[in-house]
Amino acid sequence: MGKQFNIIVPHISETFDRTKALPRLEFHFYGHMHSYKNLILLSSSQMRFRPYQPTRAVMRNVVLQDGSLQTVIVSCVHNDICNQQLTEGRTWLFQAVGSHQFGMYVHFFVSESSSATFTPLPVEALGQKYFAVTLKSEYFIGIVAADYDVNVIITFNFQDNNKVIEHDGIIYRNYDIATVTVIKHEGYIISACKDSNFDGYLTGTSLEGNHPFGVITGSCSSGTLTNPCDGSAESVMGEKDMAAEMLMPSETFGRDFIVFPLLGRQVPGYFWITASKDDTFVSMKQRHNNEFQTPIYMCQSQTVNFTLTYTYILSNKGIQVVVVQRSACLATDGVEPELGDPSLSIIVPLALGYHTYSWRQVLSI
């Protein structure tokens, strides 16, 4: 929980569905049980890529009392700012500031078949270095500044030396560096959300700033390899979906983690490990196996991925672990498809575990 949250909206390219009031954003706020009355001010701003200045508008006052839950819904159907964000590539940032500590969830409902959910980090928990995680197409990396203007150095990692991207009229190749300046309490996006031709990851791309900032990353619309639901081993590209997650800064990376598969899904996911420093050794021990596998040597920004199963992960230095749920299996004659599509989930290291948690189930559209 915290007293201030900054959230940037990923670019999306879906068409409007006025009958379903889509796309839309949902902000869910919750407080401590038996806490003080909490007044939360939710405001938004929009700005083009440099050198335009932002404009900020107050949207809603939210009052929390005794651990209550309050929801603010922003529909894009009749919202001029949202229309401009979608059609003109503007950044769109929301800021929530409370009189006392609170927590929040963010849901992006893009279409009936595409949505994403994440829990933002409060400004107090932001850091100065991150490592991006995306799926394989239509990536985005959103940067949100905290209480100071921040200069962010981005070192691109495409997992493939032959990949290039174009941003703001400049071509970037593997390991090229870009520097961006983000005004305090505002945001900046690098995105290929309207470029369905790009095929590649940005996982392992590093972002380092001279002041604390936040990073929301993922893919606006991407599928993963999956299998038919009849159990055959054929690999096919699954349905696309938005996937978004707010990253933890490298200052909070841990050295031991536990990951496990999502029960009831026929197609297993996988997990990414990203090293934050050179000379990192990672060992893993799977369920029903008392011995660790041979350690993996990793350099800074290097990433590896493994099929998701019950696994204990141990490292000599801080690492980032992110679970990717694959696209649901594809329906075949006589076999119904599974529910759900690609998603990203940051795994919190065991050292940051706590004894009290809160969660909310996302209702269907």
# chains A, B, ... in the order shown; residues from 1 in each chain; ligands from 1
>>> residues_around(residues="Leu42 of chain A", least_positions_apart="5", cutoff="10 Å", atoms="only C-alpha atoms", output="list in words")
Gln4, Phe5, Asn6, Phe27, Ala57, Val58, Met59, Arg60, Asn61, Val62, Val72, Phe94, Gln95, Ala96, Val97 and Gly98 of chain A
>>> residues_around(residues="Val152 of chain A", least_positions_apart="6", cutoff="10 Å", atoms="only C-alpha atoms", output="list of chain:residue names")
A:Gln128, A:Lys129, A:Ile143, A:Ala145, A:Ala178, A:Thr179, A:Val180, A:Thr181, A:Val182, A:Ser206, A:Leu207, A:Glu208, A:Gly209, A:Asn210, A:His211, A:Pro212, A:Phe213
>>> write_last_selection(atoms="N, CA, C and O atoms", output="PDB file, in the first residue's frame")
ATOM      1  N   GLN A 128      15.332   2.726  -9.413  1.00  0.00           N
ATOM      2  CA  GLN A 128      16.066   3.401 -10.481  1.00  0.00           C
ATOM      3  C   GLN A 128      16.543   2.470 -11.589  1.00  0.00           C
ATOM      4  O   GLN A 128      17.162   2.929 -12.545  1.00  0.00           O
ATOM      5  N   LYS A 129      16.235   1.157 -11.493  1.00  0.00           N
ATOM      6  CA  LYS A 129      16.665   0.252 -12.561  1.00  0.00           C
ATOM      7  C   LYS A 129      15.666  -0.883 -12.704  1.00  0.00           C
ATOM      8  O   LYS A 129      15.206  -1.464 -11.711  1.00  0.00           O
ATOM      9  N   ILE A 143       6.966   4.296 -19.122  1.00  0.00           N
ATOM     10  CA  ILE A 143       7.773   4.851 -18.035  1.00  0.00           C
ATOM     11  C   ILE A 143       6.956   5.920 -17.328  1.00  0.00           C
ATOM     12  O   ILE A 143       6.365   6.789 -17.971  1.00  0.00           O
ATOM     13  N   ALA A 145       7.298   8.808 -14.245  1.00  0.00           N
ATOM     14  CA  ALA A 145       8.203   9.508 -13.340  1.00  0.00           C
ATOM     15  C   ALA A 145       7.536   9.704 -11.986  1.00  0.00           C
ATOM     16  O   ALA A 145       6.314   9.802 -11.889  1.00  0.00           O
ATOM     17  N   ALA A 178      18.999   4.261 -25.968  1.00  0.00           N
ATOM     18  CA  ALA A 178      18.161   5.457 -26.128  1.00  0.00           C
ATOM     19  C   ALA A 178      18.058   6.146 -24.772  1.00  0.00           C
ATOM     20  O   ALA A 178      18.005   5.489 -23.737  1.00  0.00           O
ATOM     21  N   THR A 179      18.044   7.480 -24.791  1.00  0.00           N
ATOM     22  CA  THR A 179      17.887   8.252 -23.561  1.00  0.00           C
ATOM     23  C   THR A 179      16.643   9.121 -23.686  1.00  0.00           C
ATOM     24  O   THR A 179      16.476   9.846 -24.666  1.00  0.00           O
ATOM     25  N   VAL A 180      15.757   9.014 -22.698  1.00  0.00           N
ATOM     26  CA  VAL A 180      14.538   9.819 -22.704  1.00  0.00           C
ATOM     27  C   VAL A 180      14.436  10.581 -21.380  1.00  0.00           C
ATOM     28  O   VAL A 180      14.929  10.124 -20.348  1.00  0.00           O
ATOM     29  N   THR A 181      13.823  11.742 -21.430  1.00  0.00           N
ATOM     30  CA  THR A 181      13.570  12.544 -20.229  1.00  0.00           C
ATOM     31  C   THR A 181      12.064  12.586 -19.980  1.00  0.00           C
ATOM     32  O   THR A 181      11.295  12.918 -20.881  1.00  0.00           O
ATOM     33  N   VAL A 182      11.668  12.245 -18.773  1.00  0.00           N
ATOM     34  CA  VAL A 182      10.250  12.201 -18.415  1.00  0.00           C
ATOM     35  C   VAL A 182      10.008  13.219 -17.306  1.00  0.00           C
ATOM     36  O   VAL A 182      10.691  13.218 -16.276  1.00  0.00           O
ATOM     37  N   SER A 206      17.059  -3.171 -20.507  1.00  0.00           N
ATOM     38  CA  SER A 206      17.258  -2.522 -19.210  1.00  0.00           C
ATOM     39  C   SER A 206      16.907  -1.039 -19.286  1.00  0.00           C
ATOM     40  O   SER A 206      17.088  -0.400 -20.320  1.00  0.00           O
ATOM     41  N   LEU A 207      16.389  -0.525 -18.178  1.00  0.00           N
ATOM     42  CA  LEU A 207      16.045   0.889 -18.044  1.00  0.00           C
ATOM     43  C   LEU A 207      16.639   1.382 -16.732  1.00  0.00           C
ATOM     44  O   LEU A 207      16.353   0.832 -15.672  1.00  0.00           O
ATOM     45  N   GLU A 208      17.469   2.429 -16.809  1.00  0.00           N
ATOM     46  CA  GLU A 208      18.142   2.941 -15.617  1.00  0.00           C
ATOM     47  C   GLU A 208      18.019   4.455 -15.578  1.00  0.00           C
ATOM     48  O   GLU A 208      18.312   5.134 -16.563  1.00  0.00           O
ATOM     49  N   GLY A 209      17.559   5.000 -14.434  1.00  0.00           N
ATOM     50  CA  GLY A 209      17.330   6.433 -14.323  1.00  0.00           C
ATOM     51  C   GLY A 209      18.139   7.069 -13.219  1.00  0.00           C
ATOM     52  O   GLY A 209      18.677   6.391 -12.334  1.00  0.00           O
ATOM     53  N   ASN A 210      18.206   8.403 -13.256  1.00  0.00           N
ATOM     54  CA  ASN A 210      18.943   9.146 -12.230  1.00  0.00           C
ATOM     55  C   ASN A 210      18.073   9.466 -11.022  1.00  0.00           C
ATOM     56  O   ASN A 210      18.560   9.990 -10.023  1.00  0.00           O
ATOM     57  N   HIS A 211      16.760   9.172 -11.103  1.00  0.00           N
ATOM     58  CA  HIS A 211      15.846   9.303  -9.974  1.00  0.00           C
ATOM     59  C   HIS A 211      14.856   8.142 -10.038  1.00  0.00           C
ATOM     60  O   HIS A 211      14.711   7.488 -11.085  1.00  0.00           O
ATOM     61  N   PRO A 212      14.133   7.851  -8.963  1.00  0.00           N
ATOM     62  CA  PRO A 212      13.152   6.759  -8.995  1.00  0.00           C
ATOM     63  C   PRO A 212      12.069   6.992 -10.047  1.00  0.00           C
ATOM     64  O   PRO A 212      11.611   8.113 -10.251  1.00  0.00           O
ATOM     65  N   PHE A 213      11.657   5.915 -10.686  1.00  0.00           N
ATOM     66  CA  PHE A 213      10.582   5.934 -11.676  1.00  0.00           C
ATOM     67  C   PHE A 213       9.953   4.552 -11.714  1.00  0.00           C
ATOM     68  O   PHE A 213      10.448   3.606 -11.086  1.00  0.00           O
TER      69      PHE A 213
END
>>> residues_around(residues="Asp230 of chain A", least_positions_apart="6", cutoff="9 Å", atoms="only C-alpha atoms", output="ChimeraX atom specification")
/A:329-336
>>> write_last_selection(atoms="N, CA and C atoms", output="PDB file, in the first residue's frame")
ATOM      1  N   CYS A 329      -5.501 -23.565 -25.064  1.00  0.00           N
ATOM      2  CA  CYS A 329      -5.496 -24.546 -26.155  1.00  0.00           C
ATOM      3  C   CYS A 329      -6.622 -24.230 -27.136  1.00  0.00           C
ATOM      4  N   LEU A 330      -6.445 -24.642 -28.388  1.00  0.00           N
ATOM      5  CA  LEU A 330      -7.411 -24.341 -29.439  1.00  0.00           C
ATOM      6  C   LEU A 330      -8.452 -25.447 -29.547  1.00  0.00           C
ATOM      7  N   ALA A 331      -9.711 -25.044 -29.682  1.00  0.00           N
ATOM      8  CA  ALA A 331     -10.811 -26.009 -29.750  1.00  0.00           C
ATOM      9  C   ALA A 331     -10.673 -26.902 -30.977  1.00  0.00           C
ATOM     10  N   THR A 332     -11.030 -28.150 -30.805  1.00  0.00           N
ATOM     11  CA  THR A 332     -11.079 -29.112 -31.911  1.00  0.00           C
ATOM     12  C   THR A 332     -12.448 -29.769 -31.894  1.00  0.00           C
ATOM     13  N   ASP A 333     -12.731 -30.587 -32.890  1.00  0.00           N
ATOM     14  CA  ASP A 333     -14.044 -31.231 -32.977  1.00  0.00           C
ATOM     15  C   ASP A 333     -14.330 -32.016 -31.699  1.00  0.00           C
ATOM     16  N   GLY A 334     -15.400 -31.633 -31.042  1.00  0.00           N
ATOM     17  CA  GLY A 334     -15.824 -32.343 -29.851  1.00  0.00           C
ATOM     18  C   GLY A 334     -15.091 -31.965 -28.579  1.00  0.00           C
ATOM     19  N   VAL A 335     -14.147 -31.045 -28.652  1.00  0.00           N
ATOM     20  CA  VAL A 335     -13.387 -30.640 -27.464  1.00  0.00           C
ATOM     21  C   VAL A 335     -13.527 -29.130 -27.288  1.00  0.00           C
ATOM     22  N   GLU A 336     -14.055 -28.705 -26.157  1.00  0.00           N
ATOM     23  CA  GLU A 336     -14.258 -27.293 -25.890  1.00  0.00           C
ATOM     24  C   GLU A 336     -12.934 -26.594 -25.596  1.00  0.00           C
TER      25      GLU A 336
END
>>> select_by_dssp(residues="segment 190-328 of chain A", states="strand (DSSP E)", output="NGL selection string")
:A and (190-191 or 206-222 or 225-226 or 236-237 or 241-246 or 254-259 or 270-275 or 280-286 or 296-298 or 303-307 or 311-325)
>>> atom_distance(atom1="atom CA of Ser276 of chain A", atom2="atom CA of Gln300 of chain A")
5.0 Å
>>> closest_residue(among="A:Pro23, A:Asp149, A:Val133, A:Leu64", to="Phe108 of chain A", atoms="only C-alpha atoms")
A:Pro23
>>> residues_around(residues="Gly269 of chain A", least_positions_apart="2", cutoff="10 Å", atoms="only C-alpha atoms", output="list in words")
Thr224, Leu225, Thr226, Phe260, Pro261, Leu262, Arg265, Gln266, Val267, Phe271, Phe306, Thr307, Leu308, Thr309, Val323, Val324, Gln325, Arg326, Ser327, Ala328, Pro342 and Ser343 of chain A
>>> write_last_selection(atoms="N, CA and C atoms", output="PDB file, in the first residue's frame")
ATOM      1  N   THR A 224       0.820 -16.745 -27.971  1.00  0.00           N
ATOM      2  CA  THR A 224       1.974 -17.618 -27.756  1.00  0.00           C
ATOM      3  C   THR A 224       1.694 -18.952 -28.436  1.00  0.00           C
ATOM      4  N   LEU A 225       2.723 -19.761 -28.579  1.00  0.00           N
ATOM      5  CA  LEU A 225       2.517 -21.107 -29.097  1.00  0.00           C
ATOM      6  C   LEU A 225       1.689 -21.907 -28.103  1.00  0.00           C
ATOM      7  N   THR A 226       0.762 -22.691 -28.620  1.00  0.00           N
ATOM      8  CA  THR A 226      -0.080 -23.535 -27.780  1.00  0.00           C
ATOM      9  C   THR A 226      -0.329 -24.842 -28.524  1.00  0.00           C
ATOM     10  N   PHE A 260       4.919 -22.198  -9.715  1.00  0.00           N
ATOM     11  CA  PHE A 260       4.071 -23.386  -9.867  1.00  0.00           C
ATOM     12  C   PHE A 260       3.080 -23.141 -10.992  1.00  0.00           C
ATOM     13  N   PRO A 261       2.594 -24.209 -11.637  1.00  0.00           N
ATOM     14  CA  PRO A 261       1.679 -24.049 -12.770  1.00  0.00           C
ATOM     15  C   PRO A 261       0.273 -23.704 -12.310  1.00  0.00           C
ATOM     16  N   LEU A 262      -0.496 -23.136 -13.232  1.00  0.00           N
ATOM     17  CA  LEU A 262      -1.896 -22.835 -12.982  1.00  0.00           C
ATOM     18  C   LEU A 262      -2.710 -24.101 -13.208  1.00  0.00           C
ATOM     19  N   ARG A 265      -5.218 -25.785 -16.499  1.00  0.00           N
ATOM     20  CA  ARG A 265      -4.826 -25.389 -17.858  1.00  0.00           C
ATOM     21  C   ARG A 265      -4.063 -26.527 -18.516  1.00  0.00           C
ATOM     22  N   GLN A 266      -4.495 -26.903 -19.724  1.00  0.00           N
ATOM     23  CA  GLN A 266      -3.862 -28.022 -20.421  1.00  0.00           C
ATOM     24  C   GLN A 266      -2.481 -27.645 -20.944  1.00  0.00           C
ATOM     25  N   VAL A 267      -2.336 -26.403 -21.409  1.00  0.00           N
ATOM     26  CA  VAL A 267      -1.060 -25.964 -21.977  1.00  0.00           C
ATOM     27  C   VAL A 267      -0.248 -25.271 -20.886  1.00  0.00           C
ATOM     28  N   PHE A 271       8.425 -19.591 -17.486  1.00  0.00           N
ATOM     29  CA  PHE A 271       8.862 -18.465 -16.677  1.00  0.00           C
ATOM     30  C   PHE A 271      10.209 -17.954 -17.173  1.00  0.00           C
ATOM     31  N   PHE A 306      12.005 -21.316 -18.954  1.00  0.00           N
ATOM     32  CA  PHE A 306      11.792 -22.735 -18.706  1.00  0.00           C
ATOM     33  C   PHE A 306      10.298 -23.011 -18.624  1.00  0.00           C
ATOM     34  N   THR A 307       9.914 -24.247 -18.964  1.00  0.00           N
ATOM     35  CA  THR A 307       8.525 -24.660 -18.830  1.00  0.00           C
ATOM     36  C   THR A 307       8.096 -24.568 -17.372  1.00  0.00           C
ATOM     37  N   LEU A 308       6.898 -24.065 -17.162  1.00  0.00           N
ATOM     38  CA  LEU A 308       6.411 -23.820 -15.816  1.00  0.00           C
ATOM     39  C   LEU A 308       5.974 -25.118 -15.148  1.00  0.00           C
ATOM     40  N   THR A 309       6.650 -25.470 -14.062  1.00  0.00           N
ATOM     41  CA  THR A 309       6.274 -26.577 -13.209  1.00  0.00           C
ATOM     42  C   THR A 309       6.635 -26.195 -11.787  1.00  0.00           C
ATOM     43  N   VAL A 323       6.343 -15.086 -14.600  1.00  0.00           N
ATOM     44  CA  VAL A 323       5.619 -16.223 -15.165  1.00  0.00           C
ATOM     45  C   VAL A 323       4.777 -15.745 -16.340  1.00  0.00           C
ATOM     46  N   VAL A 324       4.804 -16.502 -17.443  1.00  0.00           N
ATOM     47  CA  VAL A 324       3.991 -16.230 -18.621  1.00  0.00           C
ATOM     48  C   VAL A 324       3.005 -17.375 -18.799  1.00  0.00           C
ATOM     49  N   GLN A 325       1.723 -17.058 -18.748  1.00  0.00           N
ATOM     50  CA  GLN A 325       0.718 -18.063 -19.064  1.00  0.00           C
ATOM     51  C   GLN A 325       0.498 -18.062 -20.568  1.00  0.00           C
ATOM     52  N   ARG A 326       0.600 -19.214 -21.192  1.00  0.00           N
ATOM     53  CA  ARG A 326       0.437 -19.304 -22.642  1.00  0.00           C
ATOM     54  C   ARG A 326      -1.017 -19.108 -23.063  1.00  0.00           C
ATOM     55  N   SER A 327      -1.202 -18.927 -24.375  1.00  0.00           N
ATOM     56  CA  SER A 327      -2.554 -18.898 -24.928  1.00  0.00           C
ATOM     57  C   SER A 327      -3.265 -20.207 -24.614  1.00  0.00           C
ATOM     58  N   ALA A 328      -4.574 -20.126 -24.427  1.00  0.00           N
ATOM     59  CA  ALA A 328      -5.365 -21.326 -24.155  1.00  0.00           C
ATOM     60  C   ALA A 328      -5.294 -22.273 -25.343  1.00  0.00           C
ATOM     61  N   PRO A 342      -2.952 -15.203 -22.923  1.00  0.00           N
ATOM     62  CA  PRO A 342      -1.640 -14.865 -22.357  1.00  0.00           C
ATOM     63  C   PRO A 342      -1.695 -13.835 -21.239  1.00  0.00           C
ATOM     64  N   SER A 343      -0.814 -13.999 -20.268  1.00  0.00           N
ATOM     65  CA  SER A 343      -0.712 -13.052 -19.174  1.00  0.00           C
ATOM     66  C   SER A 343       0.706 -13.063 -18.623  1.00  0.00           C
TER      67      SER A 343
END
>>> closest_residue(among="A:Trp272, A:Phe158, A:Tyr310, A:Tyr130", to="Thr252 of chain A", atoms="only C-alpha atoms")
A:Tyr130
>>> residues_around(residues="Ile346 of chain A", least_positions_apart="5", cutoff="8 Å", atoms="only C-alpha atoms", output="list in words")
Glu245, Leu247, Met248, Val321, Val322 and Val323 of chain A
>>> write_last_selection(atoms="C-alpha atoms", output="PDB file, in the first residue's frame")
ATOM      1  CA  GLU A 245       2.565  -5.929 -15.569  1.00  0.00           C
ATOM      2  CA  LEU A 247       7.759  -4.284 -12.792  1.00  0.00           C
ATOM      3  CA  MET A 248       9.617  -4.401  -9.500  1.00  0.00           C
ATOM      4  CA  VAL A 321      11.296 -14.072 -12.206  1.00  0.00           C
ATOM      5  CA  VAL A 322       8.191 -13.544 -14.358  1.00  0.00           C
ATOM      6  CA  VAL A 323       5.619 -16.223 -15.165  1.00  0.00           C
TER       7      VAL A 323
END
>>> closest_residue(among="A:Glu112, A:Asp256, A:Asp241, A:Glu138", to="Ser315 of chain A", atoms="only C-alpha atoms")
A:Asp256
>>> residues_around(residues="Asn174 of chain A", least_positions_apart="3", cutoff="10 Å", atoms="only C-alpha atoms", output="PyMOL selection string")
chain A and resi 155-165+177+202+205
>>> closest_residue(among="A:Gly254, A:Gly103, A:Gly31, A:Gly353", to="Asn316 of chain A", atoms="only C-alpha atoms")
A:Gly254
>>> closest_residue(among="A:Thr311, A:Thr203, A:Ser75, A:Thr117", to="Ile258 of chain A", atoms="only C-alpha atoms")
A:Thr311
>>> residues_around(residues="Leu121 of chain A", least_positions_apart="3", cutoff="8 Å", atoms="only C-alpha atoms", output="PyMOL selection string")
chain A and resi 1+5+125-126+214+246+248
>>> select_by_dssp(residues="segment 104-299 of chain A", states="helix (DSSP H, G or I)", output="PyMOL selection string")
chain A and resi 123-125+250-252
>>> write_last_selection(atoms="all heavy atoms", output="PDB file, in the first residue's frame")
ATOM      1  N   VAL A 123       4.385   5.032  -5.382  1.00  0.00           N
ATOM      2  CA  VAL A 123       5.569   5.844  -5.676  1.00  0.00           C
ATOM      3  C   VAL A 123       6.684   5.574  -4.662  1.00  0.00           C
ATOM      4  O   VAL A 123       7.866   5.563  -5.014  1.00  0.00           O
ATOM      5  CB  VAL A 123       5.180   7.341  -5.689  1.00  0.00           C
ATOM      6  CG1 VAL A 123       6.413   8.227  -5.658  1.00  0.00           C
ATOM      7  CG2 VAL A 123       4.346   7.652  -6.930  1.00  0.00           C
ATOM      8  N   GLU A 124       6.308   5.313  -3.408  1.00  0.00           N
ATOM      9  CA  GLU A 124       7.314   5.073  -2.369  1.00  0.00           C
ATOM     10  C   GLU A 124       8.155   3.830  -2.647  1.00  0.00           C
ATOM     11  O   GLU A 124       9.261   3.690  -2.105  1.00  0.00           O
ATOM     12  CB  GLU A 124       6.630   4.913  -0.997  1.00  0.00           C
ATOM     13  CG  GLU A 124       5.816   6.117  -0.560  1.00  0.00           C
ATOM     14  CD  GLU A 124       4.347   6.005  -0.929  1.00  0.00           C
ATOM     15  OE1 GLU A 124       4.056   5.660  -2.095  1.00  0.00           O
ATOM     16  OE2 GLU A 124       3.499   6.274  -0.060  1.00  0.00           O
ATOM     17  N   ALA A 125       7.655   2.903  -3.478  1.00  0.00           N
ATOM     18  CA  ALA A 125       8.360   1.648  -3.732  1.00  0.00           C
ATOM     19  C   ALA A 125       9.105   1.639  -5.065  1.00  0.00           C
ATOM     20  O   ALA A 125       9.671   0.614  -5.436  1.00  0.00           O
ATOM     21  CB  ALA A 125       7.370   0.483  -3.691  1.00  0.00           C
ATOM     22  N   SER A 250      15.104  -3.342  -9.660  1.00  0.00           N
ATOM     23  CA  SER A 250      16.165  -4.310  -9.361  1.00  0.00           C
ATOM     24  C   SER A 250      16.608  -4.245  -7.905  1.00  0.00           C
ATOM     25  O   SER A 250      17.144  -5.218  -7.368  1.00  0.00           O
ATOM     26  CB  SER A 250      17.364  -4.101 -10.289  1.00  0.00           C
ATOM     27  OG  SER A 250      17.953  -2.828 -10.071  1.00  0.00           O
ATOM     28  N   GLU A 251      16.357  -3.099  -7.243  1.00  0.00           N
ATOM     29  CA  GLU A 251      16.712  -2.984  -5.831  1.00  0.00           C
ATOM     30  C   GLU A 251      15.939  -3.983  -4.964  1.00  0.00           C
ATOM     31  O   GLU A 251      16.355  -4.300  -3.842  1.00  0.00           O
ATOM     32  CB  GLU A 251      16.424  -1.560  -5.314  1.00  0.00           C
ATOM     33  CG  GLU A 251      17.296  -0.478  -5.933  1.00  0.00           C
ATOM     34  CD  GLU A 251      16.673   0.161  -7.164  1.00  0.00           C
ATOM     35  OE1 GLU A 251      15.977  -0.547  -7.922  1.00  0.00           O
ATOM     36  OE2 GLU A 251      16.870   1.366  -7.364  1.00  0.00           O
ATOM     37  N   THR A 252      14.803  -4.484  -5.473  1.00  0.00           N
ATOM     38  CA  THR A 252      13.992  -5.428  -4.707  1.00  0.00           C
ATOM     39  C   THR A 252      14.092  -6.852  -5.240  1.00  0.00           C
ATOM     40  O   THR A 252      13.347  -7.732  -4.793  1.00  0.00           O
ATOM     41  CB  THR A 252      12.521  -4.996  -4.705  1.00  0.00           C
ATOM     42  OG1 THR A 252      12.022  -4.993  -6.054  1.00  0.00           O
ATOM     43  CG2 THR A 252      12.347  -3.611  -4.106  1.00  0.00           C
TER      44      THR A 252
END
>>> closest_residue(among="A:Cys299, A:Val259, A:Ile183, A:Ile171", to="Ile313 of chain A", atoms="only C-alpha atoms")
A:Val259
>>> atom_distance(atom1="atom CA of Pro349 of chain A", atom2="atom CA of Ala275 of chain A")
13.8 Å
